[in-house]
Each structure stands twice: as structure tokens, then as C-alpha cells.
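Q: Take a look at the following structure, please.
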Amino acid sequence: MNPGNPDQPVMPPQDMPISYADIEIENNAQRLPLLLCLDISSSMAGKPIRLLNEALIAWGREIREDLALSYSVEIALVTFGGTGIGVWQGPHLLDPRATVSPFVPAHQFQPPQLAASGVTLLTEAVETAIRLVAGRKTQLRGLGLQYYRPQICLVTDGLPTDSQGHPTDAWRQLVPMLAAEQQAKRFRFYAFGIGGISQRGQQVLKELAPKYHATLQGFPFRDLLQTMSASASAEQKGAEEETFEQLFNRFKTQRSAWNS
């Protein structure tokens, strides 16, 4: 834990649900916040969103069964598409005005049933993810609990758009912010392009996550989520940066071999 972290609280711990507060009291394990930032825009309709929902169910079951992760990893979801930005506490979509934490202990995680529609508000979604992770870290410090370096995983199949569906370069404001946050080791940021993401879309992800970006053929959500579990496990073990690079590159190499 970095006691000097300047992150500001966005969700006061006293507003957490009673059931969640009880878990905080009973479980003093060092925490690892893991936030999935998922594209559910209209281009994900049909098979992609079905595969994503199936993968979330399977991954939720697997991480609950992993004793090393189930009581330390905390999971939250941010989606972009539909009517805008969605913040999920397990299967429940939170009211935008809510001040409860969206992070759920992995052993209690149940995914939502996602539907695809709307535009690709990637910039706003990543900004929301960063804010939620900062807020959760502030809460954990307030509770006297330590945490591992959080993970944010962005998954998209398209280009960032504005609220009208027009391509936008607003995402560029994220680049220096993400670079500074990762230089300070406030979280680890992964970016995955899936399906038929364009070369321009791939370039966006490369600029957002220079070290940890990948373009995946098809929609291998199950493998992607398992990689996030492996990264969380490495974080728990205090692995050096080289280990994360090797893990990520091995995943990209395997996907390339499977697709050839």
C-alpha cells in the first residue's frame, strides 16, 4: 500500500451496503481491486455479447473456487454502451448518484447479464474506472486494510465515439494521465482489442497501454479473463515487472498460434 497516494475518495465507506461492510470486518486479507471496463456497444450485439456473458459466468465460478484469489480479489465492472456508462456491483446496475462501492469480493461475485447497444464512450468509461479504483483504495486505507496494485482491464472492439456516435479524439487526454498513474504504480492497465477492431482502433489501445495492449482475433473472453486471474496471482506473489511482461507476451503468442 502507498500511504502517500493522492487519490481522492469518491465513495465514502460509511455508505457501503451492510453486507459488504460485514465482509470488511470479518476478512482482513490484503485486497486486490480488479476492474473490468467492457465495451457493450451495438457492434457487440449477437455472438460477441453472448460469448462475453458466458465467459463472465465461467470466470466468476473459477475465481470463486481459487482459494488464493477468492478472498482477496475484489471485482467491479464498468460498461460503455447502452444508455451510456454503467457501473455494476455484481449483477446490479448502480444508480449514477449512488455512493456505494461497486467492488464485490470475488467469492461473492455474480456477473450481470449484459446486452449490447449504443455507442462507444471509451474515454468516459476509462475515466470512470480510474476514479472508482482511486476511491476504493481510499476506502481500504480508511478501513486500515492493505491492498495490492489494482488492475484495470479495458476490452473493446471499436473506436472511441462521442455521445452521438461520432469518432472522437477525446481519448488522447487519457494518454498522459495513464502514463503518470502507472509510473506512480497506482494501478496496472491492460487494453484488449477484439473481433474486427480496425488498425486505428488498435493504435488507440497501443497509445493508451504501450506495454500491455493486445489485438485478439475473435472473442476469446474466457482466455482473456483467465489472464487477468494469472496477473492477479502474480501481483499477490510480489512478482517483478518482468514477470507480468512475460505473462502478457505468452498470452499474446498463444492467441496468435491458436489463430494461425
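Each chain of the C-alpha cells is named A, B, ... in the order shown, its residues numbered from 1; ligands are numbered from 1 in display order.
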Write out as a VMD selection string which residues come within 12 Å of Ala214 (chain A) when counting only C-alpha atoms, dropping same-chain ones fewer than 2 positions away.

A: chain A and resid 153 to 157 189 to 195 197 199 201 to 212 216 to 217 220 224 248 to 256

Q: Keeping N, CA and C atoms for every residue in the selection just given, could you write it to a file as a short mmCIF file (atom, residue, chain, number, x, y, z; two decimals), in the first residue's frame?

A:
```cif
data_model
loop_
_atom_site.label_atom_id
_atom_site.label_comp_id
_atom_site.auth_asym_id
_atom_site.auth_seq_id
_atom_site.Cartn_x
_atom_site.Cartn_y
_atom_site.Cartn_z
N CYS A 153 -8.79 -3.54 -16.66
CA CYS A 153 -8.75 -4.27 -17.93
C CYS A 153 -9.80 -3.69 -18.88
N LEU A 154 -9.33 -3.04 -19.95
CA LEU A 154 -10.21 -2.46 -20.96
C LEU A 154 -10.36 -3.43 -22.12
N VAL A 155 -11.61 -3.67 -22.53
CA VAL A 155 -11.90 -4.57 -23.66
C VAL A 155 -12.85 -3.86 -24.62
N THR A 156 -12.45 -3.74 -25.89
CA THR A 156 -13.28 -3.05 -26.87
C THR A 156 -13.08 -3.62 -28.26
N ASP A 157 -14.09 -3.45 -29.10
CA ASP A 157 -13.96 -3.90 -30.49
C ASP A 157 -14.08 -2.73 -31.47
N PHE A 189 -2.68 -1.23 -16.05
CA PHE A 189 -3.71 -1.03 -17.07
C PHE A 189 -3.46 -1.92 -18.28
N TYR A 190 -4.46 -2.74 -18.62
CA TYR A 190 -4.42 -3.61 -19.78
C TYR A 190 -5.47 -3.15 -20.79
N ALA A 191 -5.16 -3.28 -22.08
CA ALA A 191 -6.11 -2.90 -23.13
C ALA A 191 -6.15 -3.98 -24.20
N PHE A 192 -7.33 -4.53 -24.44
CA PHE A 192 -7.51 -5.59 -25.42
C PHE A 192 -8.45 -5.14 -26.53
N GLY A 193 -8.00 -5.30 -27.78
CA GLY A 193 -8.86 -5.09 -28.93
C GLY A 193 -9.34 -6.45 -29.42
N ILE A 194 -10.63 -6.58 -29.66
CA ILE A 194 -11.20 -7.88 -30.01
C ILE A 194 -11.97 -7.79 -31.33
N GLY A 195 -12.37 -8.96 -31.82
CA GLY A 195 -13.21 -9.01 -33.02
C GLY A 195 -12.53 -8.35 -34.20
N ILE A 197 -11.64 -5.21 -34.70
CA ILE A 197 -11.18 -3.86 -34.39
C ILE A 197 -10.25 -3.38 -35.51
N GLN A 199 -7.37 -0.98 -37.59
CA GLN A 199 -5.99 -0.60 -37.29
C GLN A 199 -5.95 0.70 -36.47
N GLY A 201 -8.25 1.63 -34.36
CA GLY A 201 -8.62 1.24 -33.02
C GLY A 201 -7.47 0.59 -32.28
N GLN A 202 -6.70 -0.22 -32.99
CA GLN A 202 -5.52 -0.85 -32.39
C GLN A 202 -4.50 0.20 -31.95
N GLN A 203 -4.35 1.24 -32.76
CA GLN A 203 -3.40 2.29 -32.43
C GLN A 203 -3.83 3.05 -31.18
N VAL A 204 -5.14 3.25 -31.02
CA VAL A 204 -5.65 3.89 -29.81
C VAL A 204 -5.23 3.08 -28.57
N LEU A 205 -5.43 1.77 -28.62
CA LEU A 205 -5.09 0.92 -27.48
C LEU A 205 -3.59 0.90 -27.22
N LYS A 206 -2.81 0.94 -28.30
CA LYS A 206 -1.35 0.95 -28.15
C LYS A 206 -0.90 2.22 -27.43
N GLU A 207 -1.53 3.34 -27.74
CA GLU A 207 -1.15 4.59 -27.08
C GLU A 207 -1.63 4.64 -25.63
N LEU A 208 -2.79 4.04 -25.37
CA LEU A 208 -3.31 4.02 -24.01
C LEU A 208 -2.51 3.07 -23.12
N ALA A 209 -2.10 1.94 -23.66
CA ALA A 209 -1.38 0.92 -22.89
C ALA A 209 -0.17 0.44 -23.69
N PRO A 210 0.90 1.25 -23.77
CA PRO A 210 2.05 0.91 -24.61
C PRO A 210 2.65 -0.47 -24.33
N LYS A 211 2.66 -0.88 -23.07
CA LYS A 211 3.29 -2.14 -22.70
C LYS A 211 2.30 -3.30 -22.70
N TYR A 212 1.06 -3.04 -22.33
CA TYR A 212 0.09 -4.11 -22.14
C TYR A 212 -1.14 -3.92 -23.02
N LEU A 216 -6.82 -9.27 -30.40
CA LEU A 216 -7.20 -10.67 -30.38
C LEU A 216 -8.22 -10.95 -31.47
N GLN A 217 -7.96 -11.97 -32.25
CA GLN A 217 -8.92 -12.37 -33.26
C GLN A 217 -10.12 -13.03 -32.58
N PRO A 220 -12.13 -14.12 -27.61
CA PRO A 220 -11.64 -15.11 -26.62
C PRO A 220 -11.74 -14.60 -25.19
N LEU A 224 -8.94 -14.39 -21.99
CA LEU A 224 -8.59 -13.05 -21.54
C LEU A 224 -8.80 -12.91 -20.03
N PHE A 248 2.02 -11.63 -20.12
CA PHE A 248 1.20 -10.99 -21.14
C PHE A 248 1.67 -11.39 -22.54
N ASN A 249 2.98 -11.40 -22.76
CA ASN A 249 3.50 -11.77 -24.06
C ASN A 249 3.22 -13.23 -24.39
N ARG A 250 3.26 -14.09 -23.37
CA ARG A 250 2.94 -15.50 -23.59
C ARG A 250 1.48 -15.65 -24.01
N PHE A 251 0.60 -14.89 -23.39
CA PHE A 251 -0.81 -14.93 -23.77
C PHE A 251 -1.00 -14.49 -25.22
N LYS A 252 -0.34 -13.39 -25.61
CA LYS A 252 -0.46 -12.90 -26.99
C LYS A 252 0.09 -13.92 -27.98
N THR A 253 1.22 -14.57 -27.62
CA THR A 253 1.82 -15.56 -28.51
C THR A 253 0.92 -16.77 -28.67
N GLN A 254 0.33 -17.22 -27.57
CA GLN A 254 -0.58 -18.37 -27.63
C GLN A 254 -1.79 -18.05 -28.49
N ARG A 255 -2.35 -16.85 -28.32
CA ARG A 255 -3.52 -16.48 -29.13
C ARG A 255 -3.17 -16.45 -30.60
N SER A 256 -1.96 -15.96 -30.92
CA SER A 256 -1.52 -15.90 -32.31
C SER A 256 -1.39 -17.30 -32.88
#
```

Q: Could you pull out the strand (DSSP E or B) residues of region 101-192 of chain A, going by DSSP on the backbone, and write them as a list in words?

A: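 After running DSSP on the backbone, region 101-192 of chain A has strand (DSSP E or B) at Val104, Pro105, Tyr147, Gln151, Ile152, Cys153, Leu154, Val155, Thr156, Thr161, Pro167, Arg188, Phe189, Tyr190, Ala191 and Phe192 of chain A.
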
Q: Hey, what's within 9 Å of Leu247 (chain A) if we count only C-alpha atoms and toss same-chain stuff fewer than 6 positions away? As a ChimeraX atom specification, please?

A: /A:227,230-231

Q: Store the residues picked out above in a file with N, CA, C and O atoms, as a short mmCIF file (atom, residue, chain, number, x, y, z; two decimals), in the first residue's frame.

A:
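Output file result34.cif is given in full below:
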```cif
data_model
loop_
_atom_site.label_atom_id
_atom_site.label_comp_id
_atom_site.auth_asym_id
_atom_site.auth_seq_id
_atom_site.Cartn_x
_atom_site.Cartn_y
_atom_site.Cartn_z
N THR A 227 -6.29 -14.74 -18.02
CA THR A 227 -5.03 -14.00 -17.96
C THR A 227 -5.08 -12.95 -16.85
O THR A 227 -4.09 -12.71 -16.16
N ALA A 230 -4.41 -14.74 -13.70
CA ALA A 230 -2.98 -15.05 -13.57
C ALA A 230 -2.19 -13.80 -13.17
O ALA A 230 -1.26 -13.88 -12.36
N SER A 231 -2.57 -12.66 -13.72
CA SER A 231 -1.91 -11.42 -13.35
C SER A 231 -2.16 -11.08 -11.88
O SER A 231 -1.26 -10.63 -11.16
#
```

Q: According to DSSP computed on the backbone, where in region 11-170 of chain A is there alpha helix (DSSP H)? Give the residues as a count of residues only.

A: 53

Q: Find the distance between CA of Pro111 (chain A) and CA of Ala68 (chain A) and write it in Å to one decimal.

A: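 Computing the Euclidean distance for CA of Pro111 (chain A) and CA of Ala68 (chain A) yields 20.1 Å.
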
Q: Give me, as CSV, each residue of region 74-111 of chain A that comes within 12 Å of region 162-171 of chain A, together with its shortest interatomic pair and the distance in Å at one decimal, counting only C-alpha atoms, with rows ordered by chain and rising residue number.

A:
```
residue,atom,partner,partner_atom,distance
A:Phe80,CA,A:Ser163,CA,10.7
A:Gly81,CA,A:Ser163,CA,9.7
A:Gly82,CA,A:Ser163,CA,10.8
A:Thr83,CA,A:Ser163,CA,9.4
A:Gly84,CA,A:Ser163,CA,7.8
A:Ile85,CA,A:Ser163,CA,10.5
```

Q: Would you mind reading off the distance between CA of Pro150 (chain A) and CA of Ala184 (chain A), one decimal, in Å?

A: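 The value is 12.3 Å.
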
Q: May I have the residues within 8 Å of Ser70 (chain A) as a short mmCIF file (atom, residue, chain, number, x, y, z; two decimals) with C-alpha atoms, in the first residue's frame, using only C-alpha atoms and disregarding those fewer than 5 positions away in the same chain?

A:
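After the write, part26.cif holds the following:
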```
data_model
loop_
_atom_site.label_atom_id
_atom_site.label_comp_id
_atom_site.auth_asym_id
_atom_site.auth_seq_id
_atom_site.Cartn_x
_atom_site.Cartn_y
_atom_site.Cartn_z
CA ILE A 63 -12.22 -17.26 -9.35
CA ARG A 64 -14.62 -18.18 -6.53
CA GLU A 65 -13.06 -21.65 -6.47
CA PRO A 105 -15.36 -9.79 -3.04
CA ALA A 106 -14.52 -12.44 -5.64
CA HIS A 107 -16.08 -15.21 -3.54
#
```

Q: Considering only C-alpha atoms, state which residue in the set A:Leu178, A:Gly196, A:Tyr147, A:Glu54 is at the smallest distance from Gly238 (chain A).

A: A:Tyr147

Q: If you measure from CA of Arg50 (chain A) to CA of Gln113 (chain A), what distance in Å do you get, rounded to one decimal?

A: 9.2 Å

Q: For Ile75 (chain A), list every protein, DNA or RNA residue within 9 Å, evaluated using only C-alpha atoms, and leave out those in the same chain fewer than 6 positions away; present the list as a short mmCIF file (atom, residue, chain, number, x, y, z; two decimals) with N, CA and C atoms, in the first residue's frame.

A:
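Result file follows (out-v4.cif):
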```
data_model
loop_
_atom_site.label_atom_id
_atom_site.label_comp_id
_atom_site.auth_asym_id
_atom_site.auth_seq_id
_atom_site.Cartn_x
_atom_site.Cartn_y
_atom_site.Cartn_z
N LEU A 32 -7.06 -6.87 -3.56
CA LEU A 32 -6.59 -6.59 -4.92
C LEU A 32 -7.79 -6.18 -5.76
N PRO A 33 -8.05 -4.88 -5.90
CA PRO A 33 -9.17 -4.42 -6.74
C PRO A 33 -8.89 -4.71 -8.21
N LEU A 34 -9.87 -5.34 -8.87
CA LEU A 34 -9.77 -5.68 -10.29
C LEU A 34 -11.03 -5.16 -10.97
N LEU A 35 -10.84 -4.22 -11.89
CA LEU A 35 -11.98 -3.60 -12.57
C LEU A 35 -11.96 -3.94 -14.05
N LEU A 36 -13.06 -4.48 -14.54
CA LEU A 36 -13.23 -4.78 -15.96
C LEU A 36 -14.00 -3.65 -16.61
N GLN A 89 -22.32 -3.42 -9.53
CA GLN A 89 -21.93 -4.09 -8.29
C GLN A 89 -22.45 -5.52 -8.42
N GLY A 90 -21.59 -6.41 -8.90
CA GLY A 90 -22.06 -7.75 -9.22
C GLY A 90 -23.11 -7.65 -10.32
N PRO A 102 -18.73 -0.25 -5.94
CA PRO A 102 -19.12 -1.31 -6.86
C PRO A 102 -18.29 -2.58 -6.69
N PHE A 103 -17.23 -2.52 -5.88
CA PHE A 103 -16.34 -3.67 -5.75
C PHE A 103 -16.96 -4.75 -4.87
N VAL A 104 -16.96 -5.97 -5.40
CA VAL A 104 -17.54 -7.12 -4.72
C VAL A 104 -16.44 -8.15 -4.47
N PRO A 105 -16.36 -8.74 -3.27
CA PRO A 105 -15.36 -9.79 -3.04
C PRO A 105 -15.54 -10.92 -4.06
N ALA A 106 -14.45 -11.44 -4.57
CA ALA A 106 -14.52 -12.44 -5.64
C ALA A 106 -15.35 -13.66 -5.24
N PHE A 109 -18.87 -12.81 -6.12
CA PHE A 109 -19.14 -12.18 -7.41
C PHE A 109 -20.11 -12.99 -8.27
#
```
